[in-house]
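Shown below: work37.cif, with mmCIF, C-alpha atoms (C1' of nucleotides).
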data_data
loop_
_atom_site.label_atom_id
_atom_site.label_comp_id
_atom_site.auth_asym_id
_atom_site.auth_seq_id
_atom_site.Cartn_x
_atom_site.Cartn_y
_atom_site.Cartn_z
CA MET A 1 150.85 144.12 152.49
CA THR A 2 147.83 141.88 152.08
CA ASN A 3 147.02 139.44 149.31
CA ALA A 4 144.15 141.69 148.27
CA GLN A 5 146.46 144.69 147.93
CA VAL A 6 148.95 142.78 145.81
CA ALA A 7 146.14 141.38 143.69
CA ARG A 8 144.76 144.83 143.11
CA ILE A 9 148.06 146.09 141.74
CA PHE A 10 148.25 143.29 139.19
CA ALA A 11 144.60 143.75 138.25
CA GLU A 12 145.28 147.40 137.55
CA VAL A 13 148.36 146.57 135.53
CA ALA A 14 146.16 144.26 133.45
CA ASP A 15 143.55 146.97 132.89
CA ILE A 16 146.10 149.56 131.85
CA LEU A 17 147.94 147.22 129.52
CA GLU A 18 144.61 146.36 127.95
CA ILE A 19 143.77 149.99 127.28
CA LEU A 20 147.23 150.45 125.84
CA GLY A 21 146.49 147.66 123.41
CA GLU A 22 148.96 145.13 124.77
CA ASN A 23 148.96 141.47 123.80
CA PRO A 24 145.66 140.11 125.19
CA TYR A 25 147.34 137.00 126.54
CA ARG A 26 149.79 139.06 128.51
CA VAL A 27 146.84 141.01 129.89
CA GLN A 28 145.12 137.78 130.73
CA ALA A 29 148.23 136.49 132.49
CA TYR A 30 148.28 139.50 134.84
CA ARG A 31 144.56 139.27 135.43
CA ARG A 32 144.77 135.59 136.21
CA ALA A 33 147.69 136.16 138.57
CA ALA A 34 145.65 138.80 140.39
CA GLN A 35 142.77 136.38 140.73
CA ILE A 36 145.02 133.59 141.96
CA ILE A 37 146.68 135.79 144.55
CA GLU A 38 143.36 137.12 145.78
CA ASN A 39 142.01 133.62 146.27
CA LEU A 40 145.15 132.29 147.89
CA THR A 41 144.60 130.84 151.35
CA GLU A 42 148.21 131.44 152.28
CA ASP A 43 149.81 134.82 152.98
CA ILE A 44 151.58 136.07 149.87
CA VAL A 45 154.27 137.73 152.01
CA ASP A 46 155.12 134.39 153.61
CA LEU A 47 155.27 132.71 150.23
CA ALA A 48 157.57 135.42 148.93
CA ARG A 49 159.89 135.05 151.94
CA ARG A 50 160.06 131.33 151.39
CA ASP A 51 160.63 131.86 147.68
CA GLU A 52 157.75 129.56 146.80
CA LEU A 53 155.81 131.90 144.53
CA GLU A 54 156.76 130.15 141.32
CA LYS A 55 155.35 126.90 142.65
CA ILE A 56 151.91 128.37 142.17
CA PRO A 57 150.51 127.51 138.73
CA GLY A 58 149.95 130.73 136.83
CA ILE A 59 152.75 132.58 138.62
CA GLY A 60 155.99 132.54 136.67
CA ALA A 61 159.40 134.08 137.05
CA SER A 62 158.33 137.54 135.99
CA ILE A 63 155.35 137.95 138.28
CA ALA A 64 157.16 136.26 141.16
CA GLN A 65 159.89 138.88 140.84
CA LYS A 66 157.32 141.66 140.86
CA VAL A 67 155.60 140.24 143.92
CA LYS A 68 158.93 140.31 145.71
CA GLU A 69 159.36 143.93 144.71
CA ILE A 70 155.93 144.78 146.10
CA VAL A 71 156.58 142.95 149.33
CA ALA A 72 159.96 144.65 149.75
CA THR A 73 159.10 148.20 148.75
CA GLY A 74 155.34 148.40 149.04
CA ARG A 75 154.99 149.34 145.39
CA LEU A 76 155.67 148.17 141.85
CA LYS A 77 157.69 150.41 139.59
CA GLN A 78 156.05 149.09 136.44
CA HIS A 79 152.65 149.85 137.99
CA GLU A 80 153.59 153.44 138.79
CA GLU A 81 154.95 153.98 135.31
CA LEU A 82 151.87 152.56 133.66
CA LYS A 83 149.57 154.66 135.83
CA ALA A 84 151.39 157.75 134.66
CA LYS A 85 150.54 156.91 131.06
CA ILE A 86 146.78 157.18 131.32
CA PRO A 87 144.32 159.28 133.33
CA PRO A 88 142.89 157.35 136.28
CA GLY A 89 139.33 157.88 135.06
CA LEU A 90 139.94 155.54 132.14
CA LEU A 91 140.11 152.59 134.50
CA GLU A 92 136.76 153.55 135.95
CA MET A 93 135.28 153.80 132.48
CA LEU A 94 136.50 150.29 131.77
CA GLN A 95 134.24 149.05 134.57
CA ILE A 96 131.14 150.16 132.69
CA PRO A 97 129.42 147.14 131.12
CA GLY A 98 129.73 147.51 127.36
CA MET A 99 132.77 149.77 127.58
CA GLY A 100 135.83 147.81 126.59
CA PRO A 101 139.40 148.95 126.03
CA LYS A 102 138.73 150.00 122.43
CA LYS A 103 135.83 152.29 123.21
CA VAL A 104 137.55 153.76 126.25
CA LEU A 105 140.59 154.69 124.23
CA LEU A 106 138.47 155.94 121.35
CA VAL A 107 136.48 158.45 123.39
CA TYR A 108 139.59 159.55 125.21
CA LYS A 109 141.65 160.14 122.10
CA ARG A 110 138.94 161.72 120.03
CA LEU A 111 137.01 163.67 122.63
CA GLY A 112 139.37 163.88 125.59
CA ILE A 113 136.89 162.06 127.80
CA ASP A 114 138.73 160.82 130.87
CA SER A 115 136.04 160.18 133.46
CA VAL A 116 132.70 158.45 133.84
CA GLN A 117 131.21 161.85 134.60
CA LYS A 118 132.42 163.36 131.32
CA LEU A 119 131.37 160.27 129.42
CA GLU A 120 127.86 160.56 130.79
CA GLU A 121 127.64 164.22 129.83
CA ALA A 122 128.93 163.56 126.33
CA ALA A 123 126.48 160.70 125.80
CA LYS A 124 123.57 162.82 127.01
CA ALA A 125 124.62 165.63 124.71
CA GLY A 126 124.81 163.23 121.76
CA ARG A 127 128.46 163.91 121.21
CA LEU A 128 129.49 160.25 120.99
CA ARG A 129 127.56 159.37 117.87
CA GLY A 130 129.61 160.04 114.81
CA LEU A 131 132.69 158.45 116.27
CA PRO A 132 133.61 155.40 114.19
CA GLY A 133 131.56 152.44 115.31
CA MET A 134 129.30 154.50 117.52
CA GLY A 135 125.73 155.51 116.80
CA ALA A 136 122.77 156.70 118.80
CA LYS A 137 122.15 153.20 120.02
CA THR A 138 125.65 152.83 121.41
CA GLU A 139 125.20 156.14 123.18
CA GLN A 140 122.07 154.88 124.90
CA ASN A 141 123.79 151.64 125.83
CA ILE A 142 126.61 153.53 127.46
CA LEU A 143 124.21 155.61 129.51
CA ARG A 144 122.44 152.42 130.53
CA GLY A 145 125.79 150.86 131.42
CA ILE A 146 126.64 153.78 133.68
CA GLN A 147 123.33 153.45 135.50
CA LEU A 148 123.95 149.74 135.77
CA LEU A 149 127.40 150.26 137.22
CA ARG A 150 125.95 152.55 139.85
CA SER A 151 123.14 150.23 140.84
CA THR A 152 124.83 146.87 140.53
CA ARG A 153 126.13 145.45 143.70
CA GLY A 154 128.94 142.93 143.98
CA ARG A 155 128.41 139.23 144.35
CA LEU A 156 125.11 138.11 145.77
CA PRO A 157 124.84 135.86 148.84
CA LEU A 158 123.58 132.40 147.93
CA GLY A 159 120.72 132.88 150.35
CA ILE A 160 119.37 135.65 148.13
CA ALA A 161 120.37 134.26 144.75
CA LEU A 162 119.00 130.76 145.24
CA PRO A 163 115.38 131.76 145.90
CA ALA A 164 115.52 134.19 142.97
CA ALA A 165 116.87 131.49 140.67
CA ASN A 166 114.29 128.99 141.87
CA LYS A 167 111.55 131.44 141.14
CA ILE A 168 112.77 131.99 137.60
CA VAL A 169 113.15 128.27 136.99
CA ALA A 170 109.66 127.64 138.34
CA GLU A 171 108.21 130.28 136.09
CA LEU A 172 109.95 128.97 132.98
CA LYS A 173 108.93 125.41 133.81
CA GLU A 174 105.33 126.49 133.36
CA LEU A 175 105.91 126.99 129.67
CA PRO A 176 105.10 124.01 127.45
CA GLN A 177 108.05 124.91 125.19
CA VAL A 178 110.53 124.19 127.98
CA GLU A 179 111.77 120.60 128.03
CA ARG A 180 114.79 120.15 130.29
CA ILE A 181 115.91 122.97 132.59
CA THR A 182 118.79 123.38 135.04
CA THR A 183 120.85 125.99 136.77
CA ALA A 184 124.61 126.14 136.29
CA GLY A 185 127.54 128.28 137.40
CA SER A 186 128.55 129.10 140.95
CA LEU A 187 124.93 128.89 142.01
CA ARG A 188 124.81 125.21 141.15
CA ARG A 189 128.16 124.73 142.87
CA MET A 190 126.55 126.25 145.96
CA LYS A 191 129.25 128.85 146.49
CA GLU A 192 128.61 131.26 149.35
CA THR A 193 128.33 134.16 146.94
CA ILE A 194 127.50 134.09 143.26
CA GLY A 195 128.38 136.50 140.47
CA ASP A 196 125.50 135.76 138.16
CA ILE A 197 122.75 133.22 137.61
CA ASP A 198 123.00 130.79 134.70
CA ILE A 199 120.03 128.82 133.48
CA LEU A 200 120.08 126.25 130.67
CA ILE A 201 117.13 124.75 128.85
CA THR A 202 116.31 122.63 125.86
CA SER A 203 113.39 123.73 123.77
CA PRO A 204 112.01 122.95 120.33
CA ASP A 205 110.58 126.48 120.15
CA PRO A 206 112.70 128.92 122.17
CA LYS A 207 111.16 132.22 121.14
CA PRO A 208 108.19 132.26 123.54
CA VAL A 209 110.52 131.15 126.32
CA MET A 210 112.94 133.99 125.65
CA ASP A 211 110.08 136.44 125.39
CA ARG A 212 108.70 135.35 128.74
CA PHE A 213 112.15 135.41 130.30
CA VAL A 214 112.93 139.01 129.40
CA SER A 215 109.47 140.20 130.44
CA MET A 216 109.38 138.71 133.93
CA PRO A 217 108.34 141.30 136.52
CA MET A 218 111.65 141.09 138.38
CA VAL A 219 113.59 142.05 135.23
CA LYS A 220 115.12 145.51 135.46
CA GLU A 221 117.18 145.59 132.26
CA VAL A 222 117.39 143.48 129.15
CA LEU A 223 121.01 143.17 128.05
CA ALA A 224 120.46 140.71 125.23
CA HIS A 225 117.44 138.98 123.71
CA GLY A 226 118.24 136.33 121.13
CA THR A 227 116.96 132.89 120.23
CA THR A 228 119.75 130.91 121.88
CA LYS A 229 120.92 133.33 124.55
CA SER A 230 119.36 136.14 126.54
CA SER A 231 120.67 138.15 129.47
CA VAL A 232 118.83 140.33 131.94
CA ILE A 233 119.48 142.19 135.17
CA ILE A 234 116.96 141.44 137.89
CA ASP A 235 115.93 143.75 140.73
CA ALA A 236 118.45 142.16 143.09
CA GLY A 237 121.06 143.74 140.80
CA THR A 238 122.27 140.43 139.44
CA GLN A 239 122.68 139.31 135.87
CA VAL A 240 120.75 136.24 134.76
CA ASP A 241 121.68 134.39 131.58
CA LEU A 242 119.31 131.98 129.86
CA ARG A 243 120.72 129.68 127.21
CA VAL A 244 118.96 127.30 124.87
CA VAL A 245 121.08 124.30 124.00
CA PRO A 246 120.51 121.32 121.68
CA PRO A 247 119.04 118.31 123.53
CA GLU A 248 121.98 116.10 122.60
CA SER A 249 124.35 118.64 124.21
CA PHE A 250 122.37 119.41 127.35
CA GLY A 251 124.60 117.42 129.68
CA ALA A 252 127.73 118.84 128.10
CA ALA A 253 126.47 122.39 128.44
CA GLN A 254 125.41 121.75 132.01
CA GLN A 255 128.88 120.46 132.79
CA TYR A 256 130.61 123.25 130.92
CA PHE A 257 128.67 126.14 132.38
CA THR A 258 128.72 124.76 135.90
CA GLY A 259 132.50 124.99 136.00
CA SER A 260 134.48 125.92 137.86
CA LYS A 261 136.77 127.19 135.16
CA ASP A 262 139.75 125.48 136.76
CA HIS A 263 137.83 122.25 137.06
CA ASN A 264 136.96 122.41 133.37
CA ILE A 265 140.53 123.12 132.35
CA ARG A 266 141.73 120.05 134.26
CA LEU A 267 139.01 117.96 132.65
CA ARG A 268 139.98 119.19 129.19
CA GLU A 269 143.62 118.34 129.80
CA LEU A 270 142.64 114.90 131.00
CA ALA A 271 140.46 114.40 127.92
CA ILE A 272 143.30 115.36 125.60
CA LYS A 273 145.56 112.80 127.26
CA LYS A 274 142.95 110.16 126.55
CA GLY A 275 142.69 111.16 122.91
CA LEU A 276 139.39 112.89 123.50
CA LYS A 277 138.05 116.38 123.09
CA ILE A 278 135.61 117.90 125.53
CA ASN A 279 133.62 121.07 125.04
CA GLU A 280 130.19 122.51 125.69
CA TYR A 281 128.71 120.22 123.03
CA GLY A 282 129.96 116.89 124.27
CA VAL A 283 132.87 114.49 124.51
CA PHE A 284 134.33 113.50 121.16
CA LYS A 285 137.12 111.30 119.88
CA ALA A 286 139.92 113.62 118.85
CA ASP A 287 140.73 111.75 115.63
CA THR A 288 137.35 110.77 114.20
CA GLY A 289 135.21 113.34 115.96
CA GLU A 290 132.84 110.58 117.02
CA ARG A 291 130.48 111.71 119.77
CA LEU A 292 130.82 109.74 122.98
CA ALA A 293 128.67 111.75 125.36
CA GLY A 294 126.73 114.97 125.73
CA GLU A 295 123.08 114.39 126.47
CA HIS A 296 123.52 113.75 130.16
CA GLU A 297 126.13 115.17 132.49
CA GLU A 298 126.89 111.82 134.04
CA GLU A 299 127.95 110.44 130.65
CA MET A 300 130.49 113.23 130.31
CA TYR A 301 132.36 112.03 133.36
CA ALA A 302 131.78 108.39 132.46
CA ALA A 303 133.43 109.00 129.10
CA LEU A 304 136.53 110.04 131.03
CA ASP A 305 136.32 106.89 133.15
CA MET A 306 135.29 108.62 136.31
CA PRO A 307 132.17 108.88 138.42
CA TRP A 308 129.97 111.95 138.31
CA ILE A 309 131.41 114.64 140.54
CA PRO A 310 128.94 116.66 142.61
CA PRO A 311 128.92 120.33 141.54
CA GLU A 312 129.89 121.50 145.03
CA MET A 313 133.22 119.75 144.64
CA ARG A 314 134.19 121.05 141.21
CA GLU A 315 136.92 123.46 142.21
CA ASN A 316 140.07 121.65 141.06
CA TRP A 317 141.17 121.02 144.59
CA GLY A 318 141.97 117.39 143.86
CA GLU A 319 138.45 116.15 143.22
CA ILE A 320 139.35 114.91 139.74
CA GLU A 321 142.22 112.80 141.04
CA ALA A 322 139.94 111.54 143.81
CA ALA A 323 137.26 110.62 141.31
CA LEU A 324 139.72 108.79 139.08
CA GLU A 325 140.91 106.76 142.05
CA GLY A 326 137.38 106.10 143.17
CA ARG A 327 137.89 107.78 146.51
CA LEU A 328 135.31 110.49 146.15
CA PRO A 329 133.65 110.97 149.53
"C1'" DT B 1 162.63 128.20 122.56
"C1'" DA B 2 158.49 128.59 119.61
"C1'" DG B 3 153.65 128.47 119.67
"C1'" DA B 4 149.17 128.15 122.17
"C1'" DC B 5 146.45 130.44 125.20
"C1'" DT B 6 138.19 128.52 123.78
"C1'" DG B 7 135.78 130.31 120.43
"C1'" DC B 8 131.11 131.73 119.87
"C1'" DG B 9 126.54 134.60 120.35
"C1'" DC B 10 124.80 139.06 120.47
"C1'" DA B 11 124.58 144.00 119.40
"C1'" DT B 12 125.89 147.42 116.55
"C1'" DG B 13 127.55 149.90 112.70
"C1'" DC B 14 129.35 149.81 108.11
"C1'" DG B 15 129.34 149.08 103.29
"C1'" DG B 16 127.57 146.96 99.17
"C1'" DC C 1 117.80 145.45 102.81
"C1'" DC C 2 121.35 142.22 104.03
"C1'" DG C 3 125.86 140.22 104.91
"C1'" DC C 4 130.11 141.16 107.17
"C1'" DA C 5 133.41 143.04 110.55
"C1'" DT C 6 134.24 144.62 115.06
"C1'" DG C 7 133.80 145.04 119.97
"C1'" DC C 8 132.39 142.94 123.96
"C1'" DG C 9 131.65 139.43 127.33
"C1'" DC C 10 132.00 134.88 129.11
"C1'" DG D 1 153.21 136.50 130.85
"C1'" DT D 2 152.95 131.41 131.58
"C1'" DC D 3 153.02 126.87 130.24
"C1'" DT D 4 154.06 122.97 127.37
"C1'" DA D 5 156.15 120.26 123.89
#

What's the structure tokens form of this structure?
Amino acid sequence: MTNAQVARIFAEVADILEILGENPYRVQAYRRAAQIIENLTEDIVDLARRDELEKIPGIGASIAQKVKEIVATGRLKQHEELKAKIPPGLLEMLQIPGMGPKKVLLVYKRLGIDSVQKLEEAAKAGRLRGLPGMGAKTEQNILRGIQLLRSTRGRLPLGIALPAANKIVAELKELPQVERITTAGSLRRMKETIGDIDILITSPDPKPVMDRFVSMPMVKEVLAHGTTKSSVIIDAGTQVDLRVVPPESFGAAQQYFTGSKDHNIRLRELAIKKGLKINEYGVFKADTGERLAGEHEEEMYAALDMPWIPPEMRENWGEIEAALEGRLP
DNA sequence: TAGACTGCGCATGCGG
DNA sequence: CCGCATGCGC
DNA sequence: GTCTA
């Protein structure tokens, strides 16, 4: 039994519970556990044998018990029982961008649709419109989502993503309406593979920038086109998000969207302990709301009494403690 | 052992 | 036509 | 479901 196999079981449990309308935080707990187990460097079977599962943050008594069951028997009773409650095709449908648990359950209950195949046929035949909350537009979006699911590959190697991102940044830089511009996310952290490309800008007049962004030649699909946020899929099959942020929050947004998520959570906790509040808009005093930082990323860390941490190190592997003690390499 | 767990922008449909 | 609620995604 | 106060 590998970590990936165990992770997959919990991920499926999360998906099924979500379709069944369970408490979202419970769903999130399973999903997070799956993620944690998948990214574990140690063998989950060893950890189970040594009874050290609960030492892992995010794994509590309940999940630890279930991991033991999986390791011992090769399966999870709860998982089998849940699987019996819904057709397997519903989980596939959940993978379609734009199809969430509510829509999946809606089309299943009302039309008996239990596979991506059937969903596609129904959408093409115009049988989805008329369902509450669904019109012709939603139908088209679902068809587009199915195409997207079929064409979209997994995470993109940095070697492919970086040149693509650089090209987009270079193109946007040409526009006079673009003031500051940066990448964020796993790309900026230089991870080996990246899930999507995040770009942040400040601009006094975002509309032309957004218009140019969604009409770049490499753009395959436009998922959203607003004045502060737009999302597209480029030919490499990767999603690119462009966000316009206020100049005084640029550093905060850069910090926030660069992540990692775990790094940000640790920073937030630290901020709270210092009587501060940190979010994508800046660092603020918790009591008065006075703004302490936000325009530049370096100030964000300075406001927490620590040196700027290079993006590559922001993984919550001890870099925050190191920074606080001034022993950052 | 009770309460928190981010909260906001976009797209869409609904209802006034 | 416009404001509001909902679903979705992050 | 997990964590914290």

Kindly resolve the PyMOL selection byres ((chain B and resi 16) around 10) on the present coordinates and return the residues as a VMD selection string. (chain B and resid 14 to 15) or (chain C and resid 2 to 3)

Atoms kept (C-alpha atoms (C1' of nucleotides)) for selection, written as a tab-separated table (two decimals), in the frame of the given file:
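selection25.tsv was written with the following content:
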chain	number	residue	atom	x	y	z
B	14	DC	C1'	129.35	149.81	108.11
B	15	DG	C1'	129.34	149.08	103.29
C	2	DC	C1'	121.35	142.22	104.03
C	3	DG	C1'	125.86	140.22	104.91

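Against the coordinates shown, the PyMOL selection byres ((chain B and resi 2-7) around 10) returns Pro24, Tyr25, Arg26, Gln28, Ala29 and Asn279 of chain A; DT1 and DC8 of chain B; DT2, DC3, DT4 and DA5 of chain D.
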
What lies within 9 Å of A:Leu267 using only C-alpha atoms (C1' of nucleotides), ignoring chain neighbours under 6 positions off, as a PyMOL selection string? chain A and resi 278+301+304+320

Interface list for chain B, partner chain A, 8 Å threshold, all atoms listed in the file, as a CSV table (one decimal) with C-alpha atoms (C1' of nucleotides), in the frame of the given file:
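Result file follows (result.csv):
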chain,number,residue,atom,x,y,z
B,5,DC,C1',146.4,130.4,125.2
B,9,DG,C1',126.5,134.6,120.4
B,10,DC,C1',124.8,139.1,120.5
B,11,DA,C1',124.6,144.0,119.4
B,12,DT,C1',125.9,147.4,116.6
B,13,DG,C1',127.6,149.9,112.7
B,14,DC,C1',129.4,149.8,108.1

When you look at stretch 4-10 of chain C with a cut-off of 8 Å (counting all atoms listed in the file), what residues show up, excluding the ones that are within fewer than 5 positions of it in the same chain? I need them as number ranges by chain. A: 98-100, 102

What lies within 9 Å of stretch 53-64 of chain A using all atoms listed in the file, ignoring chain neighbours under 3 positions off, as a PDB file with C-alpha atoms (C1' of nucleotides), keeping the file's coordinate frame?
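Okay, this is what ended up in around00.pdb:
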ATOM      1  CA  PHE A  10     148.250 143.290 139.190  1.00  0.00           C
ATOM      2  CA  ALA A  29     148.230 136.490 132.490  1.00  0.00           C
ATOM      3  CA  TYR A  30     148.280 139.500 134.840  1.00  0.00           C
ATOM      4  CA  ARG A  32     144.770 135.590 136.210  1.00  0.00           C
ATOM      5  CA  ALA A  33     147.690 136.160 138.570  1.00  0.00           C
ATOM      6  CA  ILE A  36     145.020 133.590 141.960  1.00  0.00           C
ATOM      7  CA  ILE A  44     151.580 136.070 149.870  1.00  0.00           C
ATOM      8  CA  LEU A  47     155.270 132.710 150.230  1.00  0.00           C
ATOM      9  CA  ALA A  48     157.570 135.420 148.930  1.00  0.00           C
ATOM     10  CA  ARG A  50     160.060 131.330 151.390  1.00  0.00           C
ATOM     11  CA  VAL A  67     155.600 140.240 143.920  1.00  0.00           C
ATOM     12  CA  LYS A  68     158.930 140.310 145.710  1.00  0.00           C
ATOM     13  CA  GLU A  69     159.360 143.930 144.710  1.00  0.00           C
TER      14      GLU A  69
ATOM     15  C1'  DG D   1     153.210 136.500 130.850  1.00  0.00           C
ATOM     16  C1'  DT D   2     152.950 131.410 131.580  1.00  0.00           C
ATOM     17  C1'  DC D   3     153.020 126.870 130.240  1.00  0.00           C
TER      18       DC D   3
END

Check which residues satisfy the PyMOL selection byres ((chain A and resi 74-86) around 12) in the file shown, then give them as a ChimeraX atom specification. /A:1-2,5-20,22,30,45,62-63,65-73,87-92,104-105,108-109,112-115

Return the padded bounding box of chain C as lines of an AutoDock Vina configuration file: axis-aligned, built from all atoms listed in the file, 8 Å added on each side, with centre and edge lengths in Å to one decimal.
center_x = 126.0
center_y = 140.2
center_z = 116.0
size_x = 32.4
size_y = 26.6
size_z = 42.3

What's the 9 Å shell around stretch 186-198 of chain A, counting only C-alpha atoms (C1' of nucleotides), without same-chain residues fewer than 4 positions away, as a list in words?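 My reading of the contact set: Gly154, Arg155, Leu156, Pro157, Leu158, Gly159, Ala161, Leu162, Ala165, Thr182, Thr238, Gln239, Val240, Asp241, Leu242, Arg243, Phe257, Thr258, Gly259, Ser260, Pro310, Pro311, Glu312, Met313, Arg314 and Glu315 of chain A.
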
Hey, can you spit out that residue selection with C-alpha atoms as a compact mmCIF listing (two decimals), in the frame of the given file?
# COMPACT_ATOMS: atom_id res chain seq x y z
CA GLY A 154 128.94 142.93 143.98
CA ARG A 155 128.41 139.23 144.35
CA LEU A 156 125.11 138.11 145.77
CA PRO A 157 124.84 135.86 148.84
CA LEU A 158 123.58 132.40 147.93
CA GLY A 159 120.72 132.88 150.35
CA ALA A 161 120.37 134.26 144.75
CA LEU A 162 119.00 130.76 145.24
CA ALA A 165 116.87 131.49 140.67
CA THR A 182 118.79 123.38 135.04
CA THR A 238 122.27 140.43 139.44
CA GLN A 239 122.68 139.31 135.87
CA VAL A 240 120.75 136.24 134.76
CA ASP A 241 121.68 134.39 131.58
CA LEU A 242 119.31 131.98 129.86
CA ARG A 243 120.72 129.68 127.21
CA PHE A 257 128.67 126.14 132.38
CA THR A 258 128.72 124.76 135.90
CA GLY A 259 132.50 124.99 136.00
CA SER A 260 134.48 125.92 137.86
CA PRO A 310 128.94 116.66 142.61
CA PRO A 311 128.92 120.33 141.54
CA GLU A 312 129.89 121.50 145.03
CA MET A 313 133.22 119.75 144.64
CA ARG A 314 134.19 121.05 141.21
CA GLU A 315 136.92 123.46 142.21

In Å, how far is it from atom CA of A:Ile146 to atom CA of A:Lys103?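 Between atom CA of A:Ile146 and atom CA of A:Lys103 the gap works out to 14.0 Å.
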
Grab the atom CA of A:Ala125 to atom CA of A:Arg144 distance for me, in Å with one decimal place.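 Atom CA of A:Arg144 lies at a distance of 14.6 Å from atom CA of A:Ala125.
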
Find the residues near A:Glu295: any atom within 7 Å, counting all atoms listed in the file, skip ones fewer than 3 places away on the same chain, and give them as a list in words.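 In the requested form, the answer reads Pro247, Glu248, Ser249, Phe250, Gly251 and Ala252 of chain A.
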
Using atom CA of A:Thr202 and atom CA of A:Gly294 as the two end points, give the distance in Å to one decimal. 12.9 Å

Atoms added to stretch 287-298 of chain A (N, CA, C and O atoms), reported as a PDB file, in the coordinates of the input:
ATOM      1  N   ASP A 287     140.396 112.061 117.022  1.00  0.00           N
ATOM      2  CA  ASP A 287     140.730 111.750 115.630  1.00  0.00           C
ATOM      3  C   ASP A 287     139.510 111.703 114.713  1.00  0.00           C
ATOM      4  O   ASP A 287     139.461 112.371 113.693  1.00  0.00           O
ATOM      5  N   THR A 288     138.501 110.934 115.095  1.00  0.00           N
ATOM      6  CA  THR A 288     137.350 110.770 114.200  1.00  0.00           C
ATOM      7  C   THR A 288     136.253 111.798 114.457  1.00  0.00           C
ATOM      8  O   THR A 288     135.396 112.017 113.606  1.00  0.00           O
ATOM      9  N   GLY A 289     136.269 112.403 115.623  1.00  0.00           N
ATOM     10  CA  GLY A 289     135.210 113.340 115.960  1.00  0.00           C
ATOM     11  C   GLY A 289     133.939 112.659 116.430  1.00  0.00           C
ATOM     12  O   GLY A 289     132.915 113.306 116.632  1.00  0.00           O
ATOM     13  N   GLU A 290     134.014 111.346 116.589  1.00  0.00           N
ATOM     14  CA  GLU A 290     132.840 110.580 117.020  1.00  0.00           C
ATOM     15  C   GLU A 290     132.360 111.040 118.396  1.00  0.00           C
ATOM     16  O   GLU A 290     133.137 111.224 119.314  1.00  0.00           O
ATOM     17  N   ARG A 291     131.044 111.230 118.508  1.00  0.00           N
ATOM     18  CA  ARG A 291     130.480 111.710 119.770  1.00  0.00           C
ATOM     19  C   ARG A 291     130.346 110.567 120.773  1.00  0.00           C
ATOM     20  O   ARG A 291     129.794 109.514 120.468  1.00  0.00           O
ATOM     21  N   LEU A 292     130.876 110.776 121.959  1.00  0.00           N
ATOM     22  CA  LEU A 292     130.820 109.740 122.980  1.00  0.00           C
ATOM     23  C   LEU A 292     129.832 110.075 124.089  1.00  0.00           C
ATOM     24  O   LEU A 292     129.349 109.198 124.786  1.00  0.00           O
ATOM     25  N   ALA A 293     129.583 111.358 124.277  1.00  0.00           N
ATOM     26  CA  ALA A 293     128.670 111.750 125.360  1.00  0.00           C
ATOM     27  C   ALA A 293     128.209 113.175 125.123  1.00  0.00           C
ATOM     28  O   ALA A 293     128.771 113.886 124.294  1.00  0.00           O
ATOM     29  N   GLY A 294     127.198 113.599 125.855  1.00  0.00           N
ATOM     30  CA  GLY A 294     126.730 114.970 125.730  1.00  0.00           C
ATOM     31  C   GLY A 294     125.318 115.205 126.234  1.00  0.00           C
ATOM     32  O   GLY A 294     125.008 116.265 126.741  1.00  0.00           O
ATOM     33  N   GLU A 295     124.480 114.170 126.114  1.00  0.00           N
ATOM     34  CA  GLU A 295     123.080 114.390 126.470  1.00  0.00           C
ATOM     35  C   GLU A 295     122.884 114.519 127.972  1.00  0.00           C
ATOM     36  O   GLU A 295     122.092 115.317 128.443  1.00  0.00           O
ATOM     37  N   HIS A 296     123.632 113.711 128.704  1.00  0.00           N
ATOM     38  CA  HIS A 296     123.520 113.750 130.160  1.00  0.00           C
ATOM     39  C   HIS A 296     124.876 114.010 130.800  1.00  0.00           C
ATOM     40  O   HIS A 296     125.893 113.505 130.335  1.00  0.00           O
ATOM     41  N   GLU A 297     124.873 114.780 131.860  1.00  0.00           N
ATOM     42  CA  GLU A 297     126.130 115.170 132.490  1.00  0.00           C
ATOM     43  C   GLU A 297     126.922 113.966 132.970  1.00  0.00           C
ATOM     44  O   GLU A 297     128.150 113.936 132.862  1.00  0.00           O
ATOM     45  N   GLU A 298     126.202 112.981 133.500  1.00  0.00           N
ATOM     46  CA  GLU A 298     126.890 111.820 134.040  1.00  0.00           C
ATOM     47  C   GLU A 298     127.728 111.111 132.974  1.00  0.00           C
ATOM     48  O   GLU A 298     128.824 110.630 133.255  1.00  0.00           O
TER      49      GLU A 298
END
